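S.K.: Attaching a single structure in structure tokens format; questions to follow.
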Amino acid sequence: MIYNIILYIYEFGIFVASFFSEKVKKMWKGERAAFNYLKKHVDPNAQYAWFHAASLGEFEQGRPIIEEYRNLYPERKILLTFFSPSGYEVRKNYDGADLICYLPIDTFTNARRFLRAIRPVEAFFIKYEFWYNYLHILRHRKVPVYSVSSIFRPNQIFFKWYGYQYRAVLKCFTKFFVQTELSKQLLNGLGYDNVMVTGDTRFDRVRQIAQQSKQIPAVEKFIGGSSKVFIAGSSWLPDEEIFIPYFRQHKDWKLIIAPHVIGESHLSQIMKLLEGRKVMRYSQINSGDEEALKEAEVLIIDCFGLLSSIYRYGKIAYVGGGFGVGIHNLPEAAVWNIPVLFGPNHGKFQEAAELKQCGGGLAIDGAENFNNIMDELLQQPEKLNKAANAAGNYVKTHSGAANMILSQVKR
């Protein structure tokens with residue numbers, strides 16, 4: 001089959017690339033080590049539920065299901081696999097799973113060897129995961145397989161005239177739990193009626209994060225009790241070139257920037273845009289900097305893991321990426337009842353369209369548009385409050401997908 005030939009070529013490409021990229025090398029070594037890891041750690045007397053997430057984003061999306069599954073089936077063990085180092089390296093010590101490893105590339109030999117080692121009783125593939133050989137072997141063994149928080153679009157290979165061979169992978173799923181009505185209609189059009197619209201489990205996750213969020217003393221000292229706080233999360237340079245100049249004219253607002261890329265070259269670009277302003281970097285705050293923090297106008301969050309908690313201090317949020325490949329996590333900000341601004345490249349993001357529709361999200365296409373929207377929000381407090389409430393209600397009303405999915409799995 002062409003798919004298997006392509007995979008072997010791809011596997012060779014990863015091997016070659018591992019000599020030039022540390023990230024690829026980790027993936028290559030991790031896949032090679034997976035079988036020895038399983039041989040050493042698998043309990044032959046246990047029943048395993050297998051959850052697969054390509055990367056960190058998919059893991060966070062599936063995390064509410066993993067944790068609720070453990071509550072429902074404490075007697076079972078959980079295997080969590082990743083394809084990307086950005087997922088595995090960050091969550092390899094996650095205590096919600098019993099076994100965590102890379103998933104070896106989807107050759108027939110690897111798939112058969114892997115599944116013989118685990119013998120899962122159920123398998124969950126999160127969002128965009130369609131591994132032909134793994135799925136066909138699971139189907140042959142009559143193992144229930146679920147596609148979780150998946151999205152289907154007309155331009156995917158399944159719905160093209162030349163995609164008939166790859167469409168066969170869809171037969172391997174016991175049930176599809178999709179995010180959108182369009183996804184359901186597309187699958188129905190291929191003859192699949194085992195489809196349920198449950199929404200996006202990310203909403204469950206952001207509410208879970210909000211409930212578990214921590215207070216950050218340094219940020220609270222920086223804010224100093226002010227309610228005029230603008231938070232830019234996961235920003236890129238094109239985003240920063242738009243929103244930073246606005247706050248030269250609005251120095252009564254505190255500005256918190258948590259860039260998507262934390263590297264000295266990008267941080268120096270941000271500092272250049274902020275020339276003349278009183279700026280502090282979170283990683284450089286010392287115990288005696290309390291007065292300097294209070295006087296600072298801008299705080300740069302130059303570390304990971306704080307953004308989801310920092311949004312709680314904001315009056316208005318901006319989520320970056322919309323002038324590049326696409327926006328980042330909108331619900332992560334909206335859950336805190338604050339309006340969310342974002343760039344124009346959001347067509348593939350259901351939550352962006354829905355946030356705009358309910359009034360909790362505001363799309364911008366450039367500096368002039370950003371300035372006008374900000375002026376409106378600052379000059380019309382009732383409009384700002386209405387947008388803030390709409391954002392929070394949007395997340396609240398879209399939560400519950402994890403419980404809905406597991407109630408169907410249990411049934």
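Ligands are numbered from 1 in the order shown, chains are lettered A, B, ... in the order of the structure tokens, and residues start at 1 in each chain.
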For Pro64 in chain A, find every residue with an atom within 12 Å (counting only C-alpha atoms), except residues of its own chain fewer than 3 positions away, and show them as a PyMOL selection string.
M.R.: chain A and resi 51+58-61+67-71+96+126+148-149+200-209+399-406
S.K.: Selected residues, N, CA and C atoms, written as an mmCIF file, in the first residue's frame, please.
M.R.:
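Listed below is the output, again-v1.cif:
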data_model
loop_
_atom_site.group_PDB
_atom_site.id
_atom_site.type_symbol
_atom_site.label_atom_id
_atom_site.label_comp_id
_atom_site.auth_asym_id
_atom_site.auth_seq_id
_atom_site.Cartn_x
_atom_site.Cartn_y
_atom_site.Cartn_z
ATOM 1 N N PHE A 51 -4.699 6.383 25.527
ATOM 2 C CA PHE A 51 -5.000 7.722 25.048
ATOM 3 C C PHE A 51 -3.812 8.225 24.229
ATOM 4 N N GLU A 58 -3.050 18.880 22.030
ATOM 5 C CA GLU A 58 -4.031 17.792 22.024
ATOM 6 C C GLU A 58 -4.120 17.120 23.397
ATOM 7 N N PHE A 59 -2.979 17.031 24.080
ATOM 8 C CA PHE A 59 -3.013 16.468 25.433
ATOM 9 C C PHE A 59 -3.895 17.310 26.346
ATOM 10 N N GLU A 60 -3.700 18.627 26.324
ATOM 11 C CA GLU A 60 -4.513 19.506 27.175
ATOM 12 C C GLU A 60 -5.985 19.373 26.817
ATOM 13 N N GLN A 61 -6.252 19.147 25.546
ATOM 14 C CA GLN A 61 -7.629 18.970 25.092
ATOM 15 C C GLN A 61 -8.220 17.672 25.647
ATOM 16 N N GLU A 67 -8.656 12.308 33.043
ATOM 17 C CA GLU A 67 -8.819 12.393 34.501
ATOM 18 C C GLU A 67 -10.195 11.917 34.956
ATOM 19 N N GLU A 68 -11.217 12.191 34.163
ATOM 20 C CA GLU A 68 -12.543 11.691 34.530
ATOM 21 C C GLU A 68 -12.631 10.182 34.301
ATOM 22 N N TYR A 69 -11.934 9.694 33.265
ATOM 23 C CA TYR A 69 -11.892 8.250 33.004
ATOM 24 C C TYR A 69 -11.289 7.515 34.200
ATOM 25 N N ARG A 70 -10.219 8.071 34.755
ATOM 26 C CA ARG A 70 -9.598 7.440 35.926
ATOM 27 C C ARG A 70 -10.563 7.387 37.105
ATOM 28 N N ASN A 71 -11.370 8.425 37.271
ATOM 29 C CA ASN A 71 -12.371 8.425 38.348
ATOM 30 C C ASN A 71 -13.425 7.351 38.131
ATOM 31 N N GLY A 96 -1.310 11.663 35.955
ATOM 32 C CA GLY A 96 -2.632 11.139 35.634
ATOM 33 C C GLY A 96 -2.601 9.878 34.778
ATOM 34 N N ILE A 126 -7.139 11.707 20.054
ATOM 35 C CA ILE A 126 -7.585 13.069 20.290
ATOM 36 C C ILE A 126 -7.382 13.939 19.049
ATOM 37 N N VAL A 148 -11.932 11.746 19.570
ATOM 38 C CA VAL A 148 -12.384 12.708 20.574
ATOM 39 C C VAL A 148 -12.074 14.144 20.154
ATOM 40 N N SER A 149 -13.069 15.013 20.257
ATOM 41 C CA SER A 149 -12.916 16.441 19.922
ATOM 42 C C SER A 149 -12.366 16.622 18.508
ATOM 43 N N ASP A 200 -16.037 20.895 22.203
ATOM 44 C CA ASP A 200 -14.591 20.860 22.390
ATOM 45 C C ASP A 200 -14.255 20.696 23.876
ATOM 46 N N THR A 201 -13.516 19.655 24.209
ATOM 47 C CA THR A 201 -13.137 19.408 25.606
ATOM 48 C C THR A 201 -12.151 20.443 26.141
ATOM 49 N N ARG A 202 -11.624 21.301 25.267
ATOM 50 C CA ARG A 202 -10.747 22.373 25.761
ATOM 51 C C ARG A 202 -11.484 23.310 26.713
ATOM 52 N N PHE A 203 -12.789 23.464 26.506
ATOM 53 C CA PHE A 203 -13.550 24.325 27.409
ATOM 54 C C PHE A 203 -13.569 23.741 28.821
ATOM 55 N N ASP A 204 -13.670 22.421 28.916
ATOM 56 C CA ASP A 204 -13.587 21.773 30.230
ATOM 57 C C ASP A 204 -12.218 22.013 30.848
ATOM 58 N N ARG A 205 -11.197 21.945 30.003
ATOM 59 C CA ARG A 205 -9.834 22.100 30.511
ATOM 60 C C ARG A 205 -9.571 23.526 31.000
ATOM 61 N N VAL A 206 -10.012 24.538 30.238
ATOM 62 C CA VAL A 206 -9.723 25.909 30.673
ATOM 63 C C VAL A 206 -10.500 26.248 31.951
ATOM 64 N N ARG A 207 -11.694 25.690 32.106
ATOM 65 C CA ARG A 207 -12.422 25.914 33.357
ATOM 66 C C ARG A 207 -11.721 25.200 34.520
ATOM 67 N N GLN A 208 -11.200 24.022 34.232
ATOM 68 C CA GLN A 208 -10.445 23.273 35.243
ATOM 69 C C GLN A 208 -9.196 24.057 35.658
ATOM 70 N N ILE A 209 -8.498 24.619 34.684
ATOM 71 C CA ILE A 209 -7.297 25.407 34.963
ATOM 72 C C ILE A 209 -7.654 26.644 35.775
ATOM 73 N N SER A 399 -19.005 24.197 28.034
ATOM 74 C CA SER A 399 -18.316 23.181 28.830
ATOM 75 C C SER A 399 -19.180 21.935 28.981
ATOM 76 N N GLY A 400 -18.564 20.854 29.424
ATOM 77 C CA GLY A 400 -19.309 19.624 29.688
ATOM 78 C C GLY A 400 -19.093 18.525 28.677
ATOM 79 N N ALA A 401 -18.223 18.765 27.674
ATOM 80 C CA ALA A 401 -18.005 17.761 26.628
ATOM 81 C C ALA A 401 -17.419 16.466 27.184
ATOM 82 N N ALA A 402 -16.504 16.571 28.148
ATOM 83 C CA ALA A 402 -15.844 15.368 28.689
ATOM 84 C C ALA A 402 -16.851 14.428 29.332
ATOM 85 N N ASN A 403 -17.743 14.970 30.147
ATOM 86 C CA ASN A 403 -18.760 14.130 30.796
ATOM 87 C C ASN A 403 -19.716 13.531 29.773
ATOM 88 N N MET A 404 -20.051 14.323 28.753
ATOM 89 C CA MET A 404 -20.951 13.834 27.714
ATOM 90 C C MET A 404 -20.326 12.653 26.960
ATOM 91 N N ILE A 405 -19.034 12.795 26.641
ATOM 92 C CA ILE A 405 -18.331 11.733 25.917
ATOM 93 C C ILE A 405 -18.250 10.457 26.746
ATOM 94 N N LEU A 406 -17.842 10.590 28.004
ATOM 95 C CA LEU A 406 -17.657 9.405 28.829
ATOM 96 C C LEU A 406 -18.969 8.740 29.206
#
S.K.: What are the closest atom pairs, with distances in Å to one decimal, for all residues of range 278-379 of chain A lying within 12 Å of range 160-179 of chain A? Consider only C-alpha atoms, order rows by chain and residue number, and present the result as a Markdown table.
M.R.:
| residue | atom | partner | partner_atom | distance |
| --- | --- | --- | --- | --- |
| A:Phe349 | CA | A:Gln179 | CA | 11.0 |
| A:Gln350 | CA | A:Gln179 | CA | 8.7 |
| A:Glu351 | CA | A:Gln179 | CA | 10.3 |
S.K.: Quick one, how far is CA of Pro104 in chain A from CA of His52 in chain A?
M.R.: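 A separation of 11.6 Å between them.
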S.K.: Determine which residues of range 31-110 of chain A receive a DSSP assignment of helix (DSSP H, G or I), computed from the backbone, and state them as a VMD selection string.
M.R.: chain A and resid 31 to 41 56 to 72 85 to 91 108 to 110
S.K.: Keeping only N, CA and C atoms, write those residues as an mmCIF file, in the first residue's frame.
M.R.:
data_model
loop_
_atom_site.group_PDB
_atom_site.id
_atom_site.type_symbol
_atom_site.label_atom_id
_atom_site.label_comp_id
_atom_site.auth_asym_id
_atom_site.auth_seq_id
_atom_site.Cartn_x
_atom_site.Cartn_y
_atom_site.Cartn_z
ATOM 1 N N GLU A 31 11.006 7.106 20.076
ATOM 2 C CA GLU A 31 10.271 6.036 19.385
ATOM 3 C C GLU A 31 11.015 4.713 19.469
ATOM 4 N N ARG A 32 12.326 4.765 19.341
ATOM 5 C CA ARG A 32 13.133 3.538 19.427
ATOM 6 C C ARG A 32 13.057 2.937 20.838
ATOM 7 N N ALA A 33 12.986 3.825 21.851
ATOM 8 C CA ALA A 33 13.018 3.362 23.243
ATOM 9 C C ALA A 33 11.656 2.886 23.742
ATOM 10 N N ALA A 34 10.595 3.184 23.003
ATOM 11 C CA ALA A 34 9.235 2.898 23.487
ATOM 12 C C ALA A 34 9.011 1.415 23.768
ATOM 13 N N PHE A 35 9.512 0.554 22.911
ATOM 14 C CA PHE A 35 9.254 -0.885 23.089
ATOM 15 C C PHE A 35 9.950 -1.434 24.332
ATOM 16 N N ASN A 36 11.190 -1.009 24.563
ATOM 17 C CA ASN A 36 11.888 -1.447 25.782
ATOM 18 C C ASN A 36 11.201 -0.919 27.032
ATOM 19 N N TYR A 37 10.720 0.328 26.947
ATOM 20 C CA TYR A 37 10.006 0.929 28.076
ATOM 21 C C TYR A 37 8.754 0.112 28.407
ATOM 22 N N LEU A 38 7.996 -0.248 27.382
ATOM 23 C CA LEU A 38 6.766 -1.023 27.611
ATOM 24 C C LEU A 38 7.086 -2.423 28.129
ATOM 25 N N LYS A 39 8.115 -3.027 27.574
ATOM 26 C CA LYS A 39 8.502 -4.371 28.017
ATOM 27 C C LYS A 39 8.838 -4.382 29.503
ATOM 28 N N LYS A 40 9.450 -3.292 29.969
ATOM 29 C CA LYS A 40 9.882 -3.210 31.349
ATOM 30 C C LYS A 40 8.739 -2.833 32.307
ATOM 31 N N HIS A 41 7.776 -2.012 31.833
ATOM 32 C CA HIS A 41 6.815 -1.423 32.750
ATOM 33 C C HIS A 41 5.374 -1.917 32.625
ATOM 34 N N LEU A 56 1.332 18.689 22.734
ATOM 35 C CA LEU A 56 0.889 19.240 24.013
ATOM 36 C C LEU A 56 -0.524 19.787 23.945
ATOM 37 N N GLY A 57 -0.857 20.470 22.847
ATOM 38 C CA GLY A 57 -2.193 21.039 22.705
ATOM 39 C C GLY A 57 -3.275 19.983 22.739
ATOM 40 N N GLU A 58 -3.050 18.880 22.030
ATOM 41 C CA GLU A 58 -4.031 17.792 22.024
ATOM 42 C C GLU A 58 -4.120 17.120 23.397
ATOM 43 N N PHE A 59 -2.979 17.031 24.080
ATOM 44 C CA PHE A 59 -3.013 16.468 25.433
ATOM 45 C C PHE A 59 -3.895 17.310 26.346
ATOM 46 N N GLU A 60 -3.700 18.627 26.324
ATOM 47 C CA GLU A 60 -4.513 19.506 27.175
ATOM 48 C C GLU A 60 -5.985 19.373 26.817
ATOM 49 N N GLN A 61 -6.252 19.147 25.546
ATOM 50 C CA GLN A 61 -7.629 18.970 25.092
ATOM 51 C C GLN A 61 -8.220 17.672 25.647
ATOM 52 N N GLY A 62 -7.414 16.641 25.699
ATOM 53 C CA GLY A 62 -7.905 15.351 26.169
ATOM 54 C C GLY A 62 -7.776 15.124 27.660
ATOM 55 N N ARG A 63 -7.073 15.996 28.333
ATOM 56 C CA ARG A 63 -6.802 15.803 29.762
ATOM 57 C C ARG A 63 -8.065 15.661 30.618
ATOM 58 N N PRO A 64 -9.113 16.464 30.407
ATOM 59 C CA PRO A 64 -10.322 16.275 31.225
ATOM 60 C C PRO A 64 -10.923 14.879 31.080
ATOM 61 N N ILE A 65 -10.808 14.299 29.880
ATOM 62 C CA ILE A 65 -11.344 12.948 29.661
ATOM 63 C C ILE A 65 -10.479 11.918 30.381
ATOM 64 N N ILE A 66 -9.156 12.084 30.288
ATOM 65 C CA ILE A 66 -8.247 11.155 30.969
ATOM 66 C C ILE A 66 -8.530 11.133 32.468
ATOM 67 N N GLU A 67 -8.656 12.308 33.043
ATOM 68 C CA GLU A 67 -8.819 12.393 34.501
ATOM 69 C C GLU A 67 -10.195 11.917 34.956
ATOM 70 N N GLU A 68 -11.217 12.191 34.163
ATOM 71 C CA GLU A 68 -12.543 11.691 34.530
ATOM 72 C C GLU A 68 -12.631 10.182 34.301
ATOM 73 N N TYR A 69 -11.934 9.694 33.265
ATOM 74 C CA TYR A 69 -11.892 8.250 33.004
ATOM 75 C C TYR A 69 -11.289 7.515 34.200
ATOM 76 N N ARG A 70 -10.219 8.071 34.755
ATOM 77 C CA ARG A 70 -9.598 7.440 35.926
ATOM 78 C C ARG A 70 -10.563 7.387 37.105
ATOM 79 N N ASN A 71 -11.370 8.425 37.271
ATOM 80 C CA ASN A 71 -12.371 8.425 38.348
ATOM 81 C C ASN A 71 -13.425 7.351 38.131
ATOM 82 N N LEU A 72 -13.811 7.167 36.864
ATOM 83 C CA LEU A 72 -14.857 6.180 36.551
ATOM 84 C C LEU A 72 -14.345 4.750 36.611
ATOM 85 N N PRO A 85 7.843 15.690 20.481
ATOM 86 C CA PRO A 85 8.591 16.000 21.710
ATOM 87 C C PRO A 85 7.972 17.148 22.502
ATOM 88 N N SER A 86 7.300 18.084 21.824
ATOM 89 C CA SER A 86 6.702 19.215 22.531
ATOM 90 C C SER A 86 5.600 18.758 23.473
ATOM 91 N N GLY A 87 5.058 17.569 23.242
ATOM 92 C CA GLY A 87 4.100 16.996 24.176
ATOM 93 C C GLY A 87 4.783 16.112 25.205
ATOM 94 N N TYR A 88 5.582 15.167 24.708
ATOM 95 C CA TYR A 88 6.197 14.193 25.614
ATOM 96 C C TYR A 88 7.146 14.848 26.607
ATOM 97 N N GLU A 89 8.024 15.729 26.132
ATOM 98 C CA GLU A 89 9.042 16.298 27.018
ATOM 99 C C GLU A 89 8.430 17.147 28.127
ATOM 100 N N VAL A 90 7.282 17.761 27.854
ATOM 101 C CA VAL A 90 6.625 18.599 28.860
ATOM 102 C C VAL A 90 5.807 17.760 29.837
ATOM 103 N N ARG A 91 5.180 16.693 29.347
ATOM 104 C CA ARG A 91 4.241 15.929 30.179
ATOM 105 C C ARG A 91 4.687 14.500 30.478
ATOM 106 N N PHE A 108 3.246 -1.224 9.867
ATOM 107 C CA PHE A 108 2.471 -2.397 10.298
ATOM 108 C C PHE A 108 3.216 -3.163 11.389
ATOM 109 N N THR A 109 4.528 -3.304 11.226
ATOM 110 C CA THR A 109 5.337 -4.045 12.213
ATOM 111 C C THR A 109 5.307 -3.356 13.567
ATOM 112 N N ASN A 110 5.510 -2.041 13.566
ATOM 113 C CA ASN A 110 5.487 -1.286 14.822
ATOM 114 C C ASN A 110 4.123 -1.365 15.500
#
S.K.: Mind giving me the straight-line distance from CA of Val219 in chain A to CA of Ile327 in chain A in Å, one decimal?
M.R.: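 That distance, rounded to one decimal, is 24.7 Å.
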S.K.: Could you check the closest approach to Arg312 in chain A for each of A:Val229, A:Met271, A:Ile242, A:Leu79 and tell me which residue wins, using only C-alpha atoms?
M.R.: A:Val229
S.K.: What residues in range 173-213 of chain A get the DSSP label strand (DSSP E or B)? Please answer as a PyMOL selection string.
M.R.: chain A and resi 175-178+195-197
S.K.: What does the distance from CA of Gln47 in chain A to CA of Tyr134 in chain A come to in Å, to one decimal?
M.R.: 18.2 Å
S.K.: From the list A:Ala54, A:Tyr132, A:Pro144, A:Lys294, which residue is nearest Lys410 in chain A when using only C-alpha atoms?
M.R.: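 Closest residue, counting only C-alpha atoms: A:Pro144.
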S.K.: So that I can see what lies close to Ser287 in chain A, please list as a list in words the residues with an atom at most 12 Å from it, counting only C-alpha atoms and leaving out residues fewer than 4 positions away in the same chain.
M.R.: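 Skipping anything fewer than 4 positions along the chain leaves Pro217, Ala218, Lys221, Tyr282, Ser283, Glu291, Ala292 and Leu293 of chain A.
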S.K.: Go through A:Leu377, A:Ala387, A:Val319, A:Val325 and flag the residue nearest Leu355 in chain A, using only C-alpha atoms for the distances.
M.R.: A:Ala387
S.K.: Give me the residues near Arg281 in chain A as a ChimeraX atom specification, where near means some atom within 8 Å (using only C-alpha atoms) and where sequence neighbours in that chain fewer than 5 positions away do not count.
M.R.: /A:299-302
S.K.: Write the residues you've just listed into a file as an mmCIF file, in the first residue's frame, and include C-alpha atoms for each of them.
M.R.:
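Final output, again-v5.cif:
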data_model
loop_
_atom_site.group_PDB
_atom_site.id
_atom_site.type_symbol
_atom_site.label_atom_id
_atom_site.label_comp_id
_atom_site.auth_asym_id
_atom_site.auth_seq_id
_atom_site.Cartn_x
_atom_site.Cartn_y
_atom_site.Cartn_z
ATOM 1 C CA LEU A 299 5.728 43.458 32.755
ATOM 2 C CA ILE A 300 7.120 40.867 30.353
ATOM 3 C CA ILE A 301 6.436 37.246 31.288
ATOM 4 C CA ASP A 302 9.591 35.569 30.002
#
S.K.: Choose the residue, out of A:Phe124, A:Pro339, A:Arg141, A:Ala210, that has the smallest atom-to-atom separation from Arg112 in chain A; count only C-alpha atoms.
M.R.: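 Of A:Phe124, A:Pro339, A:Arg141, A:Ala210, the one nearest Arg112 in chain A is A:Arg141, counting only C-alpha atoms.
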S.K.: List the spatial neighbours of Leu103 in chain A as a VMD selection string - criterion: any atom at most 8 Å away, only C-alpha atoms, same-chain residues fewer than 2 positions off excluded.
M.R.: chain A and resid 31 34 81 to 83 101 105
S.K.: Might you pull out every residue within 12 Å of Glu376 in chain A, with only C-alpha atoms counted and same-chain residues fewer than 6 positions away left off, and present them as a PyMOL selection string?
M.R.: chain A and resi 362+369-370+382-385+387
S.K.: Give me the residues near Asp375 in chain A as JSON, numbers by chain, where near means some atom within 12 Å (using only C-alpha atoms) and where sequence neighbours in that chain fewer than 3 positions away do not count.
M.R.: {"A": [246, 247, 249, 250, 368, 369, 370, 371, 372, 378, 379, 380, 381, 383, 384]}
